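Trainee: Got a structure here, written out as structure tokens. Questions coming.
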Amino acid sequence: MEEQLRGLQEEAVMKAAAAQDLKELNDVRIAYLGKKGPVTEVLKGMGKLTAEERPKMGALVNVVREAITKAIETKQVSLESEAIQKQLAEESIDVTLPGRPVKLGGHHPLTRVTEEIEDLFIGMGYTVAEGPEVEQDYYNFEALNLPKGHPARDMQDTFYITPELLMRTHTSPVQVRTMLKHAGKGPVKIICPGKVYRRDSDDATHSHQFNQIEGLVVGENIRMSDLKGTLDAFAKKMFGTDREIRLRPSFFPFTEPSVEVDVSCMCGGKGCSICKGTGWIEVLGAGMVHPNVLEMAGFDSTVYSGFAFGMGQERIAMLKYGIDDIRHFYTNDLRFLQQFSVHE
Amino acid sequence: MFVSYKWLSQYVDIADQTPEELAEKITRAGIEVEGVEMPAAEMKGIVVGYVKTREQHPNADKLSKCLVDVGEEEPVQIICGAKNVDAGQYVAVARTGAVLPGNFKIKRAKLRGEESNGMICSLSELGIESRLNPKEYAEGIFNFPNDVTPGEDALAALNRDDAILELSLTPNRSDALSMIGVAYEVAAILGRDVKLPELNPVEADEQASDAIQIRIDAPEDNPVYVARVVKGVKIGPSPLWMQTLLMNAGVRPHNNVVDITNYVLMEYGQPLHAFDLDRLQTGEIVVRRAEEGEKFVTLDNAERTLSAEQLVITNGQEPIALAGVMGGANSEVTEQTVNVLIESAYFNSQIVRAASKAHGLRSEASARFEKGVDPARVQASCDRAAELMTELAGGTVLSGSVIAGEYAPEPKKVSITLDRLNTRLGTELQMGGVEDIFSRLKFTTETNGDEITVTVPTRRGDITIPEDLTEEVARLYGYDHIPLTLPEGESLPGGLSPYQLGRRVVRRYLEGAGFNQAVTYSLTSEKRAAQFSFEKRKPVALAMPMSEERAYLRESLLPHLVEAAAYNSARQMGSVALYETGSVYLNEGENVQPKEEERLAGIITGMWQEHLWQGEKKAADFFTVKGVIEGVVARLGLMDRLSFQKAAPEGFHPGRTASVLFDEQPIGVIGQLHPSFAKEVDLKEAYLFELKLDVLLNAARKDLAYVPIPRFPFISRDIALVVDRTVESASLEGIIKEAGGSLLTNVHVFDVYEGDRMEAGKKSVAFALTYVNLDKTLTDEEVTAVHEKVLAALKEKADADLRA
Ligand SMILES: [Zn+2]
């Protein structure tokens, strides 16, 4: 009997090892360990054994069962592993093929610049004020110290609709409207982005429609040095911490004193084609709010003072991204627009 | 304004400043110098030559063979093509090896067999624009007067070794429209004195007032008129130094008398006019408004029709000059002129501007009157011109000036305290420093404690208020010396308004969905202004457009978006998805600001999804656009207030277009671009949308609050309904929702079938319904009861049967 069992074990282990697939292996399991299998048969014959032999034989049966089970399990692991290896090999793909595209849209570069500037000033405590693009002559000119017939009106060639209505030539009327809302009480701290219009022929550097962001701060003790500090902070954040600003006296009817603000060129002052060899790039117009403008907007100019500045997004985008023709902004060529879909 | 360095140095010591240094200092102090031109820098080897002989070139009709003394032992032979070359002339000679502007090198040459050792030059060959050349030399070579020596530097003799600073003046700085004005500015910058011309005209016994009477009938327009009479002048060319300085200042020389008036104009900034006294005939000058329709021939020989808004100088009978703008042909100085009347007047800027605008005549004179001249220089300029006419034209100045009117405004006094000055600038200036700045400007000051009172000369009409003084101090103190500070006082929280934030959210959503943002023009053509507009009005028109293409304000963003899509599609970019946010302008009546609405619009054409190597393609269609709009509205949390209704507005496909409703009110349109229109602009199937973004953003929710996640399972029931083809799914959905009540939490279409297996005129629409009770587990019986109600309602209201 013992011999018989040993023989079965040897046979089963051999067959299990020889199984080609899981089905064959399962057949081996059923054949040797099943209810009708030879090992069970051997157990049935135990009744003929003596009481002494029985436990010995019982133990042997268990050893044989375990050995066969172990052989089958080992084989099973190996067969399963083979199967999965085979499946994985079949499922293998070319990972270098292009992915399924998720369309990528993006901001227009002018919006990009506008939002960047907005966020920068929001961080300094400004709110964003907006207003109509078709304006009354009063808000666009008269309230800004530019009465009818003032020679400086020629500085801004205007699209009139009627003698009293026009396409705003700057976003300054938003400043006027905001100051009037404040009814003579400061502080006011706003930036005004938006489209503006001038009677210009479109070419590489001129556009009859363009964008501006103006800023206005009115308070009880606003100084020229505050304007300088604010614009210095702006230039460093917008163009880089190594940039400097330079103020040159200028003239705007709505500010006194008035200045043009240059930002040092990225060439580091050596001179290049962008700065035309000067080391400086003209970026902003600015000044202290003219007392007439404050008074017309309901502020007591002996108590309040303020500064204002303005810049053009097109110019800044052109400088920042090296765009050579202002008309690109309004052509909406996808080959142009798509370049601004990436985060920077 | 062109400023000659040499001329300027007559009034202020600038010997230690190179032209570039000077230009930089002037710019940094407030007047932008746009450029510094140094004509001699691009030329060399040009000397004075004396033409000893001239003979016809043996082989060429149009050439002359000249022997020219260039200051060397032997004269040189030069072949010259100018018609006016002749023996006995002093000329400018570019020697062999010389360089002319444009890097034009002169080489020894043989011209038709004759040797030529240089070139005799015209003024334009020496870099002086031909419009500035004296008329007699404009077409040929230039002749020096006889006071030059062969061999001397011709460029120096012609003042070509000058430096010319081009000033770009802002409207407030008309004081710098003269050499003396610029001298005051430079003197202030450098801290130096100004040397003014000394005026002592030698007068004859004869009284000017015996020769001329003056009357002003329009004192508002012309408060003062000063005249001097110079008799016995000899008309001829003015001296070379004057001609060349005038050319350097951008003025063309004519003759000595006219050149003198122009020279004084450039020197003092006071426009002068010289009349031929004898041609006046009446011995009288009357200044009056022109009569409506009065005719007058100006000295450019153009007949002008005048209006009562213009001022004329008359001889008591007819106009002899359009005041401040241009003289008349009838009184012009000619070669025969012997007696001259010099006019120096103060004309009101408005009246000159009106005339100059009406006739399209802008002159050096009108430009100055328009900006306002210094009344204090009216007399001095007249004296200066009279004196120069004695000196340079051999005339005799009659005794005294004839003056009509009076205009001697007191210099303004403006005060400011040191404290105010420092608090406005953020500086810590001392009174002494401030006084010093004003003394450099040649302003007199009076200090009283903390307050300084400045007497501003009339030449600086731009300074009227304390802030103007602040600016003078700041620019001369130097902006570089002002510190960097930030505003003090209460700090405000910055930020975007909910509306502005919402706009950014919408933009980002669309960009995430694959749209690129476009920015198009607000101005458009009449045809496009109201195209695709779903709220048509009479478009707002510009009064004076630059072109028909940009003459009206848009009522819709779509026309230019369609144009942009067509532009891209014509450049092999067939799949386009663009959106724009921007204003449209709706007419609200004459002289009323149009209603500006912020819109969101977009266009899609071509493939919406495309995966080439897997062969996956999905063309954009109506439901692509609809899905995008629903996405935008869902992002704003407003889906429950949105609906669509079939519509057929102009320009859209009548079967594939819907009106977009928000709270049952139309707020936009979505649909396919009408195929015939698409064909017109060479676009394939394209889908458009435009929404009132302002309505959506103003409605944006402020009530976001957490709703508990259902704890009990939901039960789904699918139904397939057979209905008439014309029944819209939204109406079925409405019936289901109403009948389903509070247990029905979701319903959506999952299949639509119209085809062979359906009865004609019918379609099948399948819905998935989800029931849930938030408070307890639903039983099958409860659901069945509600579901039966739903089916009954569908049968009753839409004749919908369950599909077998
Ligand atoms: Zn540079």
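For the structure tokens, the naming scheme is as follows: chains receive sequential letters (A, B, ...) according to their order of presentation, residues are indexed from 1 within each chain, and ligands are indexed from 1 in presentation order.
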Compile the contact shell of B:Glu198 as a PDB file with N, CA and C atoms, in the first residue's frame: residues with an atom at most 12 Å away, counting only C-alpha atoms, same-chain residues fewer than 4 positions apart removed.
Mentor:
ATOM      1  N   GLN B  10      24.837 131.779 -30.428  1.00  0.00           N
ATOM      2  CA  GLN B  10      24.887 133.244 -30.362  1.00  0.00           C
ATOM      3  C   GLN B  10      24.252 133.770 -29.077  1.00  0.00           C
ATOM      4  N   TYR B  11      23.338 132.980 -28.488  1.00  0.00           N
ATOM      5  CA  TYR B  11      22.555 133.481 -27.356  1.00  0.00           C
ATOM      6  C   TYR B  11      22.940 132.867 -26.016  1.00  0.00           C
ATOM      7  N   ALA B 380      10.036 144.381 -30.021  1.00  0.00           N
ATOM      8  CA  ALA B 380      11.455 144.056 -30.187  1.00  0.00           C
ATOM      9  C   ALA B 380      11.719 143.398 -31.528  1.00  0.00           C
ATOM     10  N   SER B 381      10.826 142.517 -31.936  1.00  0.00           N
ATOM     11  CA  SER B 381      11.023 141.820 -33.203  1.00  0.00           C
ATOM     12  C   SER B 381      10.977 142.794 -34.365  1.00  0.00           C
ATOM     13  N   ASP B 383      11.707 145.977 -34.251  1.00  0.00           N
ATOM     14  CA  ASP B 383      12.935 146.779 -34.210  1.00  0.00           C
ATOM     15  C   ASP B 383      14.104 145.990 -34.787  1.00  0.00           C
ATOM     16  N   ARG B 384      14.174 144.716 -34.409  1.00  0.00           N
ATOM     17  CA  ARG B 384      15.268 143.867 -34.856  1.00  0.00           C
ATOM     18  C   ARG B 384      15.252 143.759 -36.394  1.00  0.00           C
ATOM     19  N   GLU B 387      16.349 147.059 -38.028  1.00  0.00           N
ATOM     20  CA  GLU B 387      17.788 147.230 -37.926  1.00  0.00           C
ATOM     21  C   GLU B 387      18.530 146.369 -38.942  1.00  0.00           C
ATOM     22  N   LEU B 388      18.091 145.113 -39.075  1.00  0.00           N
ATOM     23  CA  LEU B 388      18.741 144.226 -40.030  1.00  0.00           C
ATOM     24  C   LEU B 388      18.543 144.705 -41.467  1.00  0.00           C
TER      25      LEU B 388
END
Trainee: Kindly provide, as a list in words, all nucleotide and amino acid residues lying within 6 Å of ligand 1, counting only C-alpha atoms and all ligand atoms.
Mentor: Cys265, Met266, Cys267, Gly269, Gly271, Cys272, Ile274, Cys275, Gly277 and Gly279 of chain A
Trainee: So which residues touch A:Thr158 within 10 Å, counting only C-alpha atoms, skipping near sequence neighbours fewer than 2 positions away, as a short mmCIF file (atom, residue, chain, number, x, y, z; two decimals) with all heavy atoms, in the first residue's frame?
Mentor:
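Written out: out.cif:
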data_model
loop_
_atom_site.label_atom_id
_atom_site.label_comp_id
_atom_site.auth_asym_id
_atom_site.auth_seq_id
_atom_site.Cartn_x
_atom_site.Cartn_y
_atom_site.Cartn_z
N ARG A 153 -6.00 118.78 -28.17
CA ARG A 153 -6.94 117.78 -28.69
C ARG A 153 -6.41 117.15 -29.97
O ARG A 153 -6.76 116.04 -30.32
CB ARG A 153 -8.31 118.41 -28.96
CG ARG A 153 -9.15 118.54 -27.73
CD ARG A 153 -10.60 118.71 -28.13
NE ARG A 153 -11.44 118.89 -26.98
CZ ARG A 153 -12.75 118.69 -26.98
NH1 ARG A 153 -13.36 118.32 -28.08
NH2 ARG A 153 -13.45 118.88 -25.89
N ASP A 154 -5.56 117.92 -30.68
CA ASP A 154 -4.98 117.39 -31.92
C ASP A 154 -4.06 116.21 -31.67
O ASP A 154 -3.75 115.44 -32.57
CB ASP A 154 -4.18 118.47 -32.65
CG ASP A 154 -5.07 119.63 -33.07
OD1 ASP A 154 -6.30 119.45 -33.04
OD2 ASP A 154 -4.54 120.69 -33.42
N MET A 155 -3.58 116.08 -30.40
CA MET A 155 -2.69 114.97 -30.09
C MET A 155 -3.41 113.64 -30.23
O MET A 155 -2.80 112.60 -30.37
CB MET A 155 -2.16 115.07 -28.64
CG MET A 155 -1.15 116.18 -28.42
SD MET A 155 -0.91 116.48 -26.65
CE MET A 155 0.35 115.28 -26.25
N GLN A 156 -4.73 113.68 -30.13
CA GLN A 156 -5.50 112.45 -30.20
C GLN A 156 -6.56 112.61 -31.27
O GLN A 156 -7.62 113.16 -31.04
CB GLN A 156 -6.17 112.18 -28.86
CG GLN A 156 -5.19 112.09 -27.73
CD GLN A 156 -5.87 111.80 -26.42
OE1 GLN A 156 -7.09 111.69 -26.35
NE2 GLN A 156 -5.10 111.67 -25.37
N TYR A 160 -15.39 110.89 -34.26
CA TYR A 160 -16.63 111.43 -33.71
C TYR A 160 -17.83 110.72 -34.32
O TYR A 160 -17.79 110.30 -35.48
CB TYR A 160 -16.73 112.93 -33.99
CG TYR A 160 -15.96 113.76 -33.00
CD1 TYR A 160 -14.65 114.15 -33.24
CD2 TYR A 160 -16.56 114.14 -31.80
CE1 TYR A 160 -13.94 114.88 -32.31
CE2 TYR A 160 -15.86 114.89 -30.86
CZ TYR A 160 -14.55 115.26 -31.13
OH TYR A 160 -13.86 115.99 -30.21
N ILE A 161 -18.89 110.62 -33.53
CA ILE A 161 -20.16 110.09 -34.04
C ILE A 161 -21.10 111.26 -34.24
O ILE A 161 -21.70 111.43 -35.28
CB ILE A 161 -20.72 109.05 -33.05
CG1 ILE A 161 -19.81 107.82 -33.08
CG2 ILE A 161 -22.15 108.67 -33.41
CD1 ILE A 161 -19.96 106.89 -31.92
N LEU A 166 -18.33 110.30 -29.16
CA LEU A 166 -17.12 109.87 -29.85
C LEU A 166 -16.69 108.50 -29.38
O LEU A 166 -17.17 107.99 -28.38
CB LEU A 166 -16.01 110.90 -29.58
CG LEU A 166 -15.82 111.34 -28.13
CD1 LEU A 166 -15.00 110.35 -27.33
CD2 LEU A 166 -15.14 112.69 -28.09
N MET A 167 -15.78 107.88 -30.14
CA MET A 167 -15.14 106.65 -29.69
C MET A 167 -14.05 107.12 -28.73
O MET A 167 -13.22 107.96 -29.10
CB MET A 167 -14.48 105.91 -30.86
CG MET A 167 -15.42 105.53 -32.00
SD MET A 167 -16.79 104.48 -31.48
CE MET A 167 -15.96 102.95 -31.10
N ARG A 168 -14.04 106.61 -27.50
CA ARG A 168 -13.08 107.11 -26.52
C ARG A 168 -11.65 106.93 -27.07
O ARG A 168 -11.34 105.93 -27.72
CB ARG A 168 -13.24 106.42 -25.18
CG ARG A 168 -12.89 104.94 -25.20
CD ARG A 168 -13.03 104.35 -23.79
NE ARG A 168 -12.68 102.94 -23.80
CZ ARG A 168 -12.94 102.10 -22.80
NH1 ARG A 168 -13.54 102.54 -21.71
NH2 ARG A 168 -12.60 100.83 -22.88
N THR A 169 -10.82 107.94 -26.81
CA THR A 169 -9.45 107.93 -27.32
C THR A 169 -8.48 107.40 -26.28
O THR A 169 -7.31 107.22 -26.55
CB THR A 169 -9.01 109.34 -27.73
OG1 THR A 169 -9.16 110.19 -26.59
CG2 THR A 169 -9.87 109.87 -28.86
N TYR A 197 -9.78 104.05 -29.33
CA TYR A 197 -9.80 104.24 -30.79
C TYR A 197 -9.19 105.58 -31.17
O TYR A 197 -9.45 106.59 -30.51
CB TYR A 197 -11.26 104.17 -31.28
CG TYR A 197 -11.96 102.90 -30.86
CD1 TYR A 197 -12.55 102.79 -29.59
CD2 TYR A 197 -11.99 101.80 -31.68
CE1 TYR A 197 -13.16 101.62 -29.17
CE2 TYR A 197 -12.60 100.62 -31.29
CZ TYR A 197 -13.18 100.53 -30.03
OH TYR A 197 -13.77 99.36 -29.62
N ARG A 198 -8.39 105.59 -32.22
CA ARG A 198 -7.86 106.86 -32.75
C ARG A 198 -7.97 106.83 -34.26
O ARG A 198 -7.84 105.78 -34.88
CB ARG A 198 -6.39 107.04 -32.37
CG ARG A 198 -6.10 106.97 -30.89
CD ARG A 198 -5.89 108.31 -30.25
NE ARG A 198 -5.81 108.17 -28.79
CZ ARG A 198 -4.69 108.26 -28.09
NH1 ARG A 198 -3.56 108.52 -28.70
NH2 ARG A 198 -4.70 108.11 -26.78
N ARG A 199 -8.12 108.04 -34.80
CA ARG A 199 -8.28 108.16 -36.25
C ARG A 199 -6.91 108.03 -36.92
O ARG A 199 -6.32 109.01 -37.36
CB ARG A 199 -8.89 109.53 -36.54
CG ARG A 199 -9.99 109.47 -37.57
CD ARG A 199 -10.76 110.75 -37.69
NE ARG A 199 -11.39 110.77 -39.00
CZ ARG A 199 -10.79 111.09 -40.12
NH1 ARG A 199 -9.53 111.49 -40.08
NH2 ARG A 199 -11.42 111.04 -41.27
N ASP A 200 -6.41 106.79 -37.00
CA ASP A 200 -5.08 106.51 -37.54
C ASP A 200 -5.22 105.52 -38.68
O ASP A 200 -6.11 104.68 -38.64
CB ASP A 200 -4.23 105.84 -36.44
CG ASP A 200 -3.12 106.73 -35.95
OD1 ASP A 200 -2.69 107.61 -36.72
OD2 ASP A 200 -2.68 106.55 -34.79
N HIS A 208 -6.07 101.66 -35.63
CA HIS A 208 -7.15 102.58 -35.24
C HIS A 208 -7.85 102.09 -33.98
O HIS A 208 -8.54 102.84 -33.33
CB HIS A 208 -8.15 102.74 -36.39
CG HIS A 208 -9.03 101.54 -36.57
ND1 HIS A 208 -8.65 100.45 -37.32
CD2 HIS A 208 -10.25 101.25 -36.07
CE1 HIS A 208 -9.62 99.54 -37.28
NE2 HIS A 208 -10.59 100.00 -36.53
N MET B 544 -17.00 110.95 -39.53
CA MET B 544 -15.98 111.08 -40.57
C MET B 544 -15.09 109.85 -40.58
O MET B 544 -13.97 109.88 -40.06
CB MET B 544 -15.13 112.32 -40.32
CG MET B 544 -15.83 113.61 -40.71
SD MET B 544 -14.63 114.89 -41.11
CE MET B 544 -13.61 114.88 -39.67
#
Trainee: Would you mind writing down, as a ChimeraX atom specification, each residue of stretch 12-261 of chain A that DSSP on the backbone assigns to strand (DSSP E or B)?
Mentor: /A:106,127-128,134-136,160-162,165-167,188-197,209-219,245-252,255-261
Trainee: Please measure the separation of atom CA of A:Thr114 and atom CA of A:Pro193, giving the value in Å to one decimal.
Mentor: 7.2 Å
Trainee: May I ask which of the residues A:Gln175, A:His290, A:Asp226, A:Met14 is the closest one to A:Phe251, counting only C-alpha atoms?
Mentor: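 Comparing A:Gln175, A:His290, A:Asp226, A:Met14 against A:Phe251, the winner is A:His290.
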Trainee: Determine which residues of chain A sit within 7 Å of chain B, taking into account only C-alpha atoms, and present them as a PyMOL selection string.
Mentor: chain A and resi 100-101+103-108+122-128+132+134-135+151-152+159-162+164-165+209+222-226+228-230+246-251+256-257+330-334+337
Trainee: List as a list in words the protein and nucleic acid residues near B:Val229, meaning an atom at most 8 Å away when only C-alpha atoms are counted, but skip any in the same chain fewer than 6 places from it.
Mentor: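 After dropping sequence-adjacent residues, the list is Ala208, Ala211, Leu277, Asn339, Val340, Leu341, Ile342, Ala386, Val397, Leu398 and Ser401 of chain B.
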Trainee: Neighbours of stretch 717-725 of chain B within 10 Å (only C-alpha atoms; same-chain residues fewer than 5 positions away dropped), as a PyMOL selection string?
Mentor: chain B and resi 732+747-754+758-771+783-784+787+791+794-795+798-804
Trainee: So which residues touch stretch 302-318 of chain A within 7 Å, counting only C-alpha atoms, skipping near sequence neighbours fewer than 6 positions away, as a list in words?
Mentor: Pro109, Leu110, Val113, Thr114, Phe210, Asn211, Gln212, Ile213, Glu214, Gly215, Leu216, Val217, Val218, Gly219, Glu220, Asn221, Ile222, Leu227, Val283, Leu284, Gly285, Ala286, Gly287, Met288, Val289, Asp324 and Ile326 of chain A
Trainee: Which neighbours of B:Ser659 fall inside 7 Å, counting only C-alpha atoms, when residues of the same chain fewer than 5 positions from it are skipped, and could you give them as an MDAnalysis selection string?
Mentor: chainID B and resid 644:647 666 668:670
